[in-house]
>>> print(open('start-v4.txt').read())   # compact mmCIF, C-alpha atoms
# COMPACT_ATOMS: atom_id res chain seq x y z
CA MET A 1227 94.10 104.93 92.34
CA ALA A 1228 96.62 103.62 94.85
CA ILE A 1229 100.20 102.81 94.03
CA THR A 1230 101.01 99.13 94.15
CA ASP A 1231 103.56 98.36 96.84
CA ARG A 1232 104.08 94.69 97.51
CA SER A 1233 105.43 95.47 100.97
CA ASP A 1234 101.99 96.84 101.95
CA ALA A 1235 99.85 93.90 100.89
CA PRO A 1236 98.15 91.77 103.53
CA THR A 1237 99.83 88.46 104.26
CA PRO A 1238 98.01 85.63 102.46
CA PRO A 1239 97.92 82.37 104.43
CA GLY A 1240 100.91 80.22 103.58
CA ARG A 1241 102.41 82.83 101.27
CA MET A 1242 104.36 86.06 101.82
CA ASP A 1243 105.14 86.39 105.50
CA PRO A 1244 106.01 89.64 107.32
CA TRP A 1245 109.75 89.04 107.05
CA TYR A 1246 109.51 88.62 103.30
CA ARG A 1247 107.65 91.91 103.03
CA LEU A 1248 110.10 93.63 105.35
CA LEU A 1249 113.19 92.55 103.40
CA ARG A 1250 111.65 92.92 99.89
CA PRO A 1251 113.67 90.27 97.99
CA SER A 1252 111.68 91.07 94.84
CA HIS A 1253 113.58 94.37 94.76
CA TRP A 1254 116.94 92.60 94.60
CA THR A 1255 116.63 92.75 90.81
CA LYS A 1256 118.05 96.27 91.11
CA ASN A 1257 121.32 94.68 92.18
CA LEU A 1258 121.79 93.17 88.73
CA PHE A 1259 123.60 96.47 88.05
CA VAL A 1260 126.42 94.96 90.13
CA LEU A 1261 126.91 92.25 87.50
CA ALA A 1262 127.10 94.61 84.50
CA PRO A 1263 130.89 95.12 84.79
CA LEU A 1264 131.33 91.32 84.85
CA LEU A 1265 129.35 90.96 81.62
CA PHE A 1266 131.23 93.70 79.78
CA SER A 1267 134.65 92.78 81.18
CA GLY A 1268 134.72 89.60 79.10
CA ARG A 1269 135.80 87.65 82.19
CA ALA A 1270 132.54 85.92 83.11
CA ARG A 1271 134.04 82.52 82.19
CA GLU A 1272 136.71 82.87 84.88
CA VAL A 1273 135.29 81.03 87.87
CA ASP A 1274 137.08 83.05 90.56
CA VAL A 1275 136.05 86.34 88.92
CA ALA A 1276 132.43 85.21 88.57
CA ILE A 1277 132.37 84.13 92.22
CA SER A 1278 133.76 87.51 93.28
CA ALA A 1279 131.05 89.30 91.29
CA GLY A 1280 128.44 87.00 92.81
CA MET A 1281 129.64 87.92 96.29
CA ALA A 1282 129.29 91.60 95.44
CA PHE A 1283 125.74 90.92 94.25
CA VAL A 1284 124.86 89.06 97.46
CA ALA A 1285 126.43 91.84 99.53
CA PHE A 1286 124.18 94.43 97.89
CA CYS A 1287 121.14 92.21 98.42
CA PHE A 1288 121.92 92.15 102.15
CA ALA A 1289 122.62 95.90 102.14
CA ALA A 1290 119.39 96.75 100.32
CA SER A 1291 117.27 94.66 102.70
CA SER A 1292 119.06 96.29 105.63
CA VAL A 1293 118.01 99.68 104.29
CA TYR A 1294 114.40 98.56 103.73
CA ALA A 1295 114.11 97.27 107.30
CA PHE A 1296 115.65 100.43 108.77
CA ASN A 1297 113.39 102.72 106.73
CA ASP A 1298 110.29 100.81 107.82
CA VAL A 1299 111.27 101.48 111.43
CA LEU A 1300 112.00 105.14 110.69
CA ASP A 1301 108.65 105.64 108.97
CA CYS A 1302 106.45 103.36 111.07
CA ASP A 1303 104.59 106.17 112.90
CA ALA A 1304 103.68 107.92 109.65
CA ASP A 1305 102.89 104.58 107.99
CA ARG A 1306 100.25 103.79 110.62
CA ASN A 1307 98.21 106.76 109.39
CA HIS A 1308 98.52 105.78 105.72
CA PRO A 1309 95.73 103.70 104.11
CA THR A 1310 98.08 101.07 102.65
CA LYS A 1311 101.44 101.58 104.37
CA ARG A 1312 99.77 100.75 107.70
CA LEU A 1313 99.88 97.13 106.52
CA ARG A 1314 103.68 97.08 106.46
CA PRO A 1315 105.00 94.58 109.02
CA VAL A 1316 106.51 97.10 111.46
CA ALA A 1317 103.63 99.58 111.22
CA ALA A 1318 101.12 96.74 111.65
CA GLY A 1319 102.94 95.39 114.70
CA LEU A 1320 103.75 92.06 113.06
CA ILE A 1321 107.45 92.78 113.59
CA THR A 1322 108.68 94.91 116.48
CA THR A 1323 110.94 97.89 115.90
CA ARG A 1324 113.62 96.19 117.99
CA GLN A 1325 113.48 93.09 115.80
CA ALA A 1326 113.60 95.14 112.60
CA ILE A 1327 116.55 97.21 113.80
CA ALA A 1328 118.42 94.07 114.89
CA VAL A 1329 117.87 92.47 111.48
CA SER A 1330 118.89 95.70 109.74
CA VAL A 1331 122.17 95.88 111.67
CA LEU A 1332 122.86 92.17 111.15
CA LEU A 1333 122.29 92.46 107.39
CA ALA A 1334 124.51 95.54 107.18
CA VAL A 1335 127.34 93.66 108.92
CA LEU A 1336 126.82 90.64 106.67
CA ALA A 1337 126.82 92.89 103.60
CA LEU A 1338 130.18 94.38 104.54
CA ALA A 1339 131.64 90.98 105.45
CA VAL A 1340 130.58 89.38 102.17
CA ALA A 1341 131.71 92.42 100.16
CA LEU A 1342 135.11 92.23 101.83
CA GLN A 1343 135.49 88.69 100.49
CA ALA A 1344 134.99 90.07 96.99
CA HIS A 1345 137.38 93.02 97.24
CA LEU A 1346 138.33 95.71 99.74
CA GLN A 1347 137.07 98.43 97.38
CA THR A 1348 133.78 96.58 96.98
CA ALA A 1349 133.33 96.70 100.75
CA GLY A 1350 134.10 100.42 100.62
CA TRP A 1351 131.39 101.03 98.01
CA VAL A 1352 128.89 98.96 100.01
CA GLY A 1353 129.74 100.98 103.12
CA LEU A 1354 129.26 104.21 101.19
CA TYR A 1355 125.92 102.90 99.90
CA LEU A 1356 124.75 102.23 103.46
CA GLY A 1357 125.98 105.62 104.65
CA LEU A 1358 124.36 107.57 101.81
CA ASN A 1359 121.10 105.75 102.44
CA LEU A 1360 121.15 107.10 105.99
CA VAL A 1361 121.65 110.62 104.64
CA TYR A 1362 118.81 110.03 102.18
CA SER A 1363 116.45 108.68 104.84
CA PHE A 1364 117.12 111.51 107.29
CA GLY A 1365 116.93 114.41 104.84
CA LEU A 1366 117.64 114.06 101.13
CA LYS A 1367 114.37 112.26 100.40
CA ARG A 1368 112.57 115.51 101.21
CA VAL A 1369 114.75 117.72 98.96
CA VAL A 1370 113.40 118.22 95.45
CA LEU A 1371 115.69 116.90 92.67
CA LEU A 1372 118.32 115.70 95.14
CA ASP A 1373 115.98 112.90 96.17
CA VAL A 1374 116.16 111.35 92.70
CA PHE A 1375 119.85 112.17 92.24
CA ALA A 1376 120.57 110.32 95.49
CA ILE A 1377 118.66 107.26 94.29
CA ALA A 1378 120.55 107.35 90.97
CA SER A 1379 123.85 107.49 92.86
CA PHE A 1380 122.98 104.19 94.54
CA PHE A 1381 122.94 102.51 91.11
CA VAL A 1382 126.28 104.05 90.19
CA LEU A 1383 127.70 102.65 93.44
CA ARG A 1384 126.46 99.23 92.39
CA LEU A 1385 128.38 99.53 89.12
CA LEU A 1386 131.52 100.69 90.94
CA ALA A 1387 131.28 97.83 93.45
CA GLY A 1388 130.82 95.31 90.65
CA ALA A 1389 133.81 96.70 88.76
CA ALA A 1390 135.99 96.49 91.87
CA ALA A 1391 134.89 92.89 92.45
CA VAL A 1392 136.09 91.81 89.00
CA ALA A 1393 139.21 94.01 89.17
CA VAL A 1394 138.43 96.16 86.13
CA HIS A 1395 138.48 99.91 85.72
CA PRO A 1396 134.87 100.92 85.03
CA SER A 1397 134.22 102.64 81.73
CA VAL A 1398 133.17 106.27 82.14
CA TRP A 1399 130.53 105.66 79.47
CA LEU A 1400 129.13 102.67 81.38
CA LEU A 1401 128.88 104.72 84.57
CA LEU A 1402 127.27 107.57 82.64
CA CYS A 1403 124.74 105.26 80.98
CA GLY A 1404 123.87 103.60 84.28
CA GLY A 1405 123.53 106.88 86.15
CA LEU A 1406 121.41 108.53 83.46
CA LEU A 1407 119.17 105.48 83.15
CA ALA A 1408 118.66 105.49 86.93
CA LEU A 1409 117.79 109.20 86.82
CA TYR A 1410 115.31 108.61 84.02
CA LEU A 1411 113.64 105.73 85.88
CA GLY A 1412 113.57 107.76 89.10
CA PHE A 1413 111.88 110.79 87.59
CA ALA A 1414 109.48 108.54 85.65
CA LYS A 1415 108.54 106.94 88.96
CA ARG A 1416 107.86 110.37 90.47
CA ARG A 1417 105.66 111.14 87.44
CA HIS A 1418 103.74 107.92 88.01
CA GLU A 1419 103.24 108.72 91.69
CA LEU A 1420 101.83 112.16 90.87
CA SER A 1421 99.46 110.70 88.31
CA ALA A 1422 98.33 107.76 90.43
CA LEU A 1423 97.82 109.61 93.71
CA GLY A 1424 96.61 112.99 92.47
CA ASP A 1425 95.87 115.39 95.32
CA ALA A 1426 97.00 112.82 97.89
CA SER A 1427 100.51 112.57 96.41
CA ALA A 1428 102.13 114.75 99.07
CA THR A 1429 100.68 112.47 101.76
CA HIS A 1430 102.38 109.48 100.18
CA ARG A 1431 105.70 111.29 99.70
CA THR A 1432 106.16 114.87 100.94
CA VAL A 1433 108.65 115.84 98.21
CA LEU A 1434 105.95 115.24 95.56
CA ALA A 1435 104.34 118.54 96.58
CA GLN A 1436 107.34 120.27 94.97
CA TYR A 1437 107.00 118.47 91.63
CA SER A 1438 104.54 119.04 88.81
CA ALA A 1439 103.54 116.75 85.95
CA PRO A 1440 104.69 119.16 83.17
CA PHE A 1441 108.11 119.59 84.80
CA LEU A 1442 108.58 115.84 85.23
CA ASP A 1443 107.50 115.25 81.63
CA GLN A 1444 110.11 117.74 80.42
CA ILE A 1445 112.95 116.41 82.54
CA SER A 1446 112.07 112.80 81.62
CA SER A 1447 112.16 113.70 77.92
CA VAL A 1448 115.59 115.30 78.30
CA LEU A 1449 116.94 112.36 80.29
CA LEU A 1450 115.48 109.88 77.82
CA ALA A 1451 117.31 111.57 74.95
CA VAL A 1452 120.59 111.92 76.85
CA THR A 1453 120.45 108.30 78.06
CA ILE A 1454 119.98 107.01 74.52
CA VAL A 1455 122.77 109.22 73.17
CA SER A 1456 125.15 108.13 75.94
CA TYR A 1457 124.48 104.45 75.19
CA LEU A 1458 125.02 105.13 71.50
CA MET A 1459 128.34 106.76 72.32
CA TYR A 1460 129.32 103.88 74.62
CA SER A 1461 128.50 101.32 71.93
CA LEU A 1462 130.14 103.17 69.05
CA THR A 1463 133.33 104.60 70.56
CA SER A 1464 136.65 103.07 69.61
CA ASP A 1465 137.55 102.84 73.31
CA THR A 1466 134.67 100.41 73.89
CA ALA A 1467 135.64 98.39 70.81
CA MET A 1468 139.18 98.10 72.18
CA ARG A 1469 137.93 97.07 75.62
CA VAL A 1470 135.55 94.35 74.46
CA GLY A 1471 137.32 93.39 71.24
CA THR A 1472 134.40 94.01 68.87
CA GLU A 1473 132.27 96.79 67.40
CA GLU A 1474 129.13 94.64 67.33
CA LEU A 1475 127.74 95.89 70.65
CA SER A 1476 126.20 98.74 68.68
CA TYR A 1477 123.86 96.29 66.93
CA GLY A 1478 122.07 95.83 70.25
CA ILE A 1479 120.92 99.46 70.26
CA PRO A 1480 117.39 98.58 68.98
CA PHE A 1481 116.79 96.59 72.19
CA VAL A 1482 117.70 99.65 74.26
CA LEU A 1483 115.51 101.97 72.19
CA TYR A 1484 112.50 99.68 72.43
CA GLY A 1485 113.05 99.11 76.15
CA VAL A 1486 113.12 102.78 77.16
CA PHE A 1487 110.23 103.64 74.85
CA ARG A 1488 108.21 100.73 76.20
CA TYR A 1489 108.83 101.92 79.76
CA LEU A 1490 107.77 105.46 78.78
CA TYR A 1491 104.61 104.02 77.24
CA LEU A 1492 103.78 102.11 80.42
CA VAL A 1493 104.27 105.23 82.56
CA HIS A 1494 101.99 107.43 80.48
CA GLN A 1495 99.48 105.04 78.91
CA ARG A 1496 99.05 102.33 81.52
CA ASP A 1497 99.80 104.32 84.66
CA GLN A 1498 102.71 102.11 85.69
CA GLY A 1499 106.02 103.46 86.89
CA THR A 1500 107.62 101.51 89.73
CA PRO A 1501 110.72 100.19 87.89
CA THR A 1502 110.95 96.81 89.62
CA ASP A 1503 107.26 95.95 89.32
CA THR A 1504 107.06 97.30 85.76
CA VAL A 1505 109.97 95.23 84.46
CA LEU A 1506 108.80 92.06 86.20
CA SER A 1507 105.13 92.40 85.23
CA ASP A 1508 105.37 93.49 81.58
CA ARG A 1509 106.28 90.54 79.37
CA TRP A 1510 107.40 92.74 76.47
CA LEU A 1511 109.80 94.72 78.62
CA LEU A 1512 111.05 91.60 80.37
CA ALA A 1513 111.63 89.91 77.01
CA THR A 1514 113.49 92.96 75.72
CA VAL A 1515 115.85 92.99 78.70
CA ALA A 1516 116.42 89.25 78.31
CA LEU A 1517 117.15 89.57 74.58
CA TRP A 1518 119.55 92.47 75.22
CA LEU A 1519 121.43 90.36 77.78
CA VAL A 1520 121.53 87.32 75.49
CA TYR A 1521 122.74 89.38 72.54
CA ASN A 1522 125.52 91.07 74.51
CA ALA A 1523 126.60 87.76 76.05
CA TRP A 1524 126.70 86.20 72.57
CA VAL A 1525 128.77 89.07 71.14
CA LEU A 1526 131.24 89.07 74.03
CA TYR A 1527 131.59 85.34 74.68
CA ARG A 1528 130.97 83.51 71.42
CA PRO A 1529 133.82 81.17 70.40
>>> encode(input="start-v4.txt", output="C-alpha cells")
Amino acid sequence: MAITDRSDAPTPPGRMDPWYRLLRPSHWTKNLFVLAPLLFSGRAREVDVAISAGMAFVAFCFAASSVYAFNDVLDCDADRNHPTKRLRPVAAGLITTRQAIAVSVLLAVLALAVALQAHLQTAGWVGLYLGLNLVYSFGLKRVVLLDVFAIASFFVLRLLAGAAAVAVHPSVWLLLCGGLLALYLGFAKRRHELSALGDASATHRTVLAQYSAPFLDQISSVLLAVTIVSYLMYSLTSDTAMRVGTEELSYGIPFVLYGVFRYLYLVHQRDQGTPTDTVLSDRWLLATVALWLVYNAWVLYRP
C-alpha cells in the first residue's frame, strides 16, 4: 500500500497544476498553530491585534511553501527513482530546479517581510523556522528521534511567533501542549509509514530503517498520555484561570480526549497517519476540532 501524498498525484486537466503541488497550500492548515495565542489571549476582537496575528499566519504560509519548494529541489534526483515521488513537479520536469529555487527564495523573503509587519520577534521566529528547516533537510531528517523532535519544534516556533504577533507572553503550558501534541502526531505518522510501506519503508524515508513498530507504539502511548495530562494541567491550573478569566476551559477536555483517541484509531485501524490529510478527510475528527474551537471561543468571548 502506498502512502497518499497529494504532491505526487498526476495533474488532472483543469485542476491542480504543478505550482499548486509544489507549494502545497493544503498543508497550510498546520499554520493554524500560529493563531492559537490569539484565541487564548482574549484579544481576538481587537482589529489591530487580529490583523497582526493574520500577518504572522500568512508569513508562515509563505515560509512553509518556501521549504516545500526547496526540499523538492534537494530531493529531485532521489524522487525520480521513486514510484510516486517521480510525479512531483520538479522531479517530473514540469518545473525546473532554477524556477523552484527562485520561488523558494522569493517566498522566504516575503515571509520575513510580512512577519516583520506583525512584530520584530515574529520575524525572528520565522527566520529561525527557515534556518532550522535547512538543518533538518541537510541532516536531521536522517537522525532517529531527532527527526521528529525537529518537526515538533517547528510547531512550537509557530506558537511563539503567534504570541509575539499579539504581544502576549506565551503560557508554558500552551507551549508544552503544542510541542507534545506535535511529537505525538509525528511519531504516529512514522508508525503509519512503517505499516503502509512495509519492507519498502526505508526507500521512502531512510530514517524509517531505524524505527520499529513496537517502539513507535510504545513511544506514541507515552506521548498520548503525557499530552492529555499536560492539557488537563493547562486547563485546570489557577494560572490559566487568571489569564483567561474563567475556569470553564476545562469543560472542553472531552473534545481533546475524543480527538486524540480518534486519531489513534485512524492510525491503527484504518491505516491513516498523515496529520493534515487525516484531519481534513475524517469528518468526525474535523467536527471535533471545530467543536473544540467553537467551545473555547464561546467561553473566552461570550458577552
>>> atom_distance(input="start-v4.txt", atom1="CA of Gln1444 (chain A)", atom2="CA of Leu1358 (chain A)")
27.6 Å
>>> closest_residue(input="start-v4.txt", among="A:Phe1413, A:Trp1254, A:Tyr1246, A:Phe1266", to="Arg1469 (chain A)", atoms="only C-alpha atoms")
A:Phe1266
>>> closest_residue(input="start-v4.txt", among="A:Val1369, A:Leu1360, A:Ala1282, A:Ser1438", to="Ala1337 (chain A)", atoms="only C-alpha atoms")
A:Ala1282
>>> atom_distance(input="start-v4.txt", atom1="CA of Ala1318 (chain A)", atom2="CA of Leu1249 (chain A)")
15.2 Å
>>> axis_aligned_box(input="start-v4.txt", around="region 1415-1418 of chain A", padding_each_side="8 Å", output="AutoDock Vina command-line options")
--center_x 106.1 --center_y 109.0 --center_z 89.0 --size_x 20.8 --size_y 20.2 --size_z 19.0
>>> atom_distance(input="start-v4.txt", atom1="CA of Tyr1437 (chain A)", atom2="CA of Leu1371 (chain A)")
8.9 Å
>>> residues_around(input="start-v4.txt", residues="Thr1463 (chain A)", least_positions_apart="6", cutoff="12 Å", atoms="all atoms listed in the file", output="PyMOL selection string")
chain A and resi 1397-1400+1455-1457+1469-1476
>>> closest_residue(input="start-v4.txt", among="A:Ala1467, A:Phe1441, A:Thr1255, A:Leu1492", to="His1418 (chain A)", atoms="all atoms listed in the file")
A:Leu1492
>>> residues_near_point(input="start-v4.txt", point="(135.6, 98.3, 102.8)", cutoff="12 Å", atoms="only C-alpha atoms", output="PDB file with C-alpha atoms, in the coordinates of the input")
ATOM      1  CA  ALA A1282     129.290  91.600  95.440  1.00  0.00           C
ATOM      2  CA  ALA A1285     126.430  91.840  99.530  1.00  0.00           C
ATOM      3  CA  VAL A1335     127.340  93.660 108.920  1.00  0.00           C
ATOM      4  CA  ALA A1337     126.820  92.890 103.600  1.00  0.00           C
ATOM      5  CA  LEU A1338     130.180  94.380 104.540  1.00  0.00           C
ATOM      6  CA  ALA A1339     131.640  90.980 105.450  1.00  0.00           C
ATOM      7  CA  VAL A1340     130.580  89.380 102.170  1.00  0.00           C
ATOM      8  CA  ALA A1341     131.710  92.420 100.160  1.00  0.00           C
ATOM      9  CA  LEU A1342     135.110  92.230 101.830  1.00  0.00           C
ATOM     10  CA  GLN A1343     135.490  88.690 100.490  1.00  0.00           C
ATOM     11  CA  ALA A1344     134.990  90.070  96.990  1.00  0.00           C
ATOM     12  CA  HIS A1345     137.380  93.020  97.240  1.00  0.00           C
ATOM     13  CA  LEU A1346     138.330  95.710  99.740  1.00  0.00           C
ATOM     14  CA  GLN A1347     137.070  98.430  97.380  1.00  0.00           C
ATOM     15  CA  THR A1348     133.780  96.580  96.980  1.00  0.00           C
ATOM     16  CA  ALA A1349     133.330  96.700 100.750  1.00  0.00           C
ATOM     17  CA  GLY A1350     134.100 100.420 100.620  1.00  0.00           C
ATOM     18  CA  TRP A1351     131.390 101.030  98.010  1.00  0.00           C
ATOM     19  CA  VAL A1352     128.890  98.960 100.010  1.00  0.00           C
ATOM     20  CA  GLY A1353     129.740 100.980 103.120  1.00  0.00           C
ATOM     21  CA  LEU A1354     129.260 104.210 101.190  1.00  0.00           C
ATOM     22  CA  TYR A1355     125.920 102.900  99.900  1.00  0.00           C
ATOM     23  CA  LEU A1356     124.750 102.230 103.460  1.00  0.00           C
ATOM     24  CA  ALA A1387     131.280  97.830  93.450  1.00  0.00           C
ATOM     25  CA  ALA A1390     135.990  96.490  91.870  1.00  0.00           C
ATOM     26  CA  ALA A1391     134.890  92.890  92.450  1.00  0.00           C
TER      27      ALA A1391
END
>>> closest_residue(input="start-v4.txt", among="A:Arg1324, A:His1494, A:Arg1314, A:Arg1269", to="Arg1247 (chain A)", atoms="all atoms listed in the file")
A:Arg1314
>>> residues_near_point(input="start-v4.txt", point="(110.8, 119.6, 99.8)", cutoff="6 Å", atoms="only C-alpha atoms", output="ChimeraX atom specification")
/A:1368-1370,1433,1436
>>> closest_residue(input="start-v4.txt", among="A:Ala1326, A:Leu1320, A:Leu1402, A:Ala1389", to="Val1299 (chain A)", atoms="all atoms listed in the file")
A:Ala1326
>>> closest_residue(input="start-v4.txt", among="A:Arg1271, A:Met1281, A:Tyr1521, A:Phe1296", to="Gln1325 (chain A)", atoms="all atoms listed in the file")
A:Phe1296
